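**Q** Got a structure here, written out as structure tokens. Questions coming.
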Amino acid sequence: MLILVARWNKPMTVKTHTIADVLIVEDELVTANALSDVLSDLGFRVLEIVDSSDGAIASIHRQRPEIILMDIKLRGSDNGIAAANEIHKTASIPIIYLTAFSDPETLKQAIASSPYGYLTKPLRYAEVNVAIMLALKKHQEEQILQEALDKEKELHILKSRLLAMASHEFSTPMSVIRLLIWKLQNFEEQLTKESRAKNLTSIQSAIKDINWLLEEVRFIACSESGKFPFNPEPVDAITYCQQLVESFQTEESGRKYRIKFDSQGLAYKLNIDKKLLWHIFMNLVSNAIKYSYEGGTIDVDLTCDAHQLALSISDHGIGIPTEYLNNLFLPFLRAENVGNIKGLGMGLYIVKQAVEAHNGNINVESEVNVGTKFTVVLPSAKNLLETELTEKY
């Protein structure tokens with residue numbers, strides 16, 4: 001039961017600018033309505049008044065309050081403390097007890113339910129206001145802390161999985177290097193000049209794979225630690241992408257493929273991050289090669305103007321099942337149809353991070369057994385600055 005002071009004598013009202021939704025749990029309708037009026041004057045919104053434990057639990061499923069004012073003594077078999085314990089099982093809502101009872105047993109039970117406040121009756125206007133504001137502030141700080149802890153836990157899991165997968169991926173090129181070096185050391189005289197050259201080329205290719213993995217791991221570590229680098233500089237994107245295409249076409253590979261590069265527009269120097277463009281281009285083209293059928297063609301189309309570049313990379317390979325498209329850029333996601341094709345499952349996650357660093361966008365179209373097309377648009381950093389200044393002034 002809620003007991004109010006007979007004379008509220010509203011002092012000069014100190015209105016709060018924080019609007020919060022309140023649930024009042026009180027079995028005396030007259031006093032509950034009086035409290036509701038006071039809260040409305042303070043700037044709060046009373047969602048509902050209920051008079052029992054069951055009513056309180058049912059109410060939070062209809063509409064979620066930001067704070068609950070709970071009388072401990074309620075109608076029915078359960079009291080307000082039992083209602084609070086049940087509510088905390090399903091919802092994180094701060095609860096303030098309003099009660100005429102302050103005996104040790106009641107206080108002990110109330111404290112065990114972790115309330116955000118405990119006000120004894122008769123109540124005062126200022127006490128209710130301050131208690132609510134402090135409870136809301138405390139709850140907000142706890143939510144921020146919990147989000148930080150959840151983020152830290154998620155980051156720890158991500159790094160653990162990345163370390164495990166990277167260790168596995170590193171083992172293959174390292175094994176190749178060890179085997180070929182042993183072969184060159186122990187059978188040098190038996191090997192022809194061509195065989196030695198082929199072995200050295202294979203070692204160089206394995207070292208390149210290791211460097212690639214190191215770049216990917218370093219990139220992920222930076223982006224997840226909040227120290228993500230974005231260093232735009234004037235780049236001739238057409239010439240640079242042409243060089244990257246040539247690096248694919250000149251390297252040794254067990255797969256037979258053809259890259260068709262086409263560019264449109266003038267060779268503008270756009271302010272973009274060259275290293276991030278490398279991650280975008282190399283991951284998308286590498287994926288196109290990996291998931292193409294033998295002998296397939298990879299179409300790379302680049303369009304540049306003075307404000308942005310648009311990069312389109314298409315393959316005619318295994319495609320991506322529809323159910324994976326919405327979550328395609330999540331870390332470690334690999335579609336079920338990739339089989340035993342190696343990879344960390346981080347390439348598209350890295351691409352997405354690099355695109356977003358430019359305030360760009362990326363789209364994908366895909367059909368199983370037909371192929372996949374990625375389209376990336378990166379605006380020039382100079383134009384981003386001009387847009388921000390225009391909007392500001």
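So you can find residues: chains in the structure tokens are A, B, ... in the order shown, residues in each start at 1, and ligands are numbered from 1 in order.
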Quick one: DSSP strand (DSSP E) residues in segment 41-206 of chain A, as a PDB file with C-alpha atoms, in the first residue's frame?
**A**
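Contents of states-v7.pdb, freshly written:
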ATOM      1  CA  ARG A  45       5.051   9.399 -18.917  1.00  0.00           C
ATOM      2  CA  VAL A  46       3.105   6.862 -16.874  1.00  0.00           C
ATOM      3  CA  LEU A  47       2.414   3.894 -19.129  1.00  0.00           C
ATOM      4  CA  GLU A  48       0.091   2.038 -16.781  1.00  0.00           C
ATOM      5  CA  ILE A  49      -1.021   1.557 -13.192  1.00  0.00           C
ATOM      6  CA  VAL A  50      -1.381  -2.056 -11.991  1.00  0.00           C
ATOM      7  CA  ILE A  67      11.593   2.391 -14.727  1.00  0.00           C
ATOM      8  CA  ILE A  68       9.147   0.755 -12.282  1.00  0.00           C
ATOM      9  CA  LEU A  69       7.861   2.234  -9.022  1.00  0.00           C
ATOM     10  CA  MET A  70       6.895  -0.818  -6.990  1.00  0.00           C
ATOM     11  CA  ASP A  71       4.958  -0.983  -3.738  1.00  0.00           C
ATOM     12  CA  ILE A  95      12.941  -0.837  -9.920  1.00  0.00           C
ATOM     13  CA  ILE A  96      12.428   1.532  -7.003  1.00  0.00           C
ATOM     14  CA  TYR A  97      10.526   0.259  -3.979  1.00  0.00           C
ATOM     15  CA  LEU A  98       8.019   2.550  -2.291  1.00  0.00           C
ATOM     16  CA  THR A  99       6.980   1.110   1.032  1.00  0.00           C
ATOM     17  CA  GLY A 117      16.091   2.635  -4.770  1.00  0.00           C
ATOM     18  CA  TYR A 118      14.176   2.070  -1.549  1.00  0.00           C
ATOM     19  CA  LEU A 119      11.967   4.920  -0.367  1.00  0.00           C
ATOM     20  CA  THR A 120       9.976   4.714   2.837  1.00  0.00           C
TER      21      THR A 120
END
**Q** Hey, which of A:Ile259, A:Leu378, A:Ile177, A:Leu145 ends up closest to Val351 of chain A? Count only C-alpha atoms.
**A**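 Of A:Ile259, A:Leu378, A:Ile177, A:Leu145, the one nearest Val351 of chain A, counting only C-alpha atoms, is A:Leu378.
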**Q** Would you list, as a PyMOL selection string, the residues of segment 107-226 of chain A that end up in alpha helix (DSSP H) under DSSP run on this structure's backbone?
**A** chain A and resi 107-112+125-186+193-224
**Q** Which residue, A:Val377, A:Ala131, A:Ile24, A:Ile157, has the smallest gap to Val355 of chain A when you use only C-alpha atoms?
**A**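 When distances to Val355 of chain A are compared using only C-alpha atoms, the smallest one comes from A:Val377.
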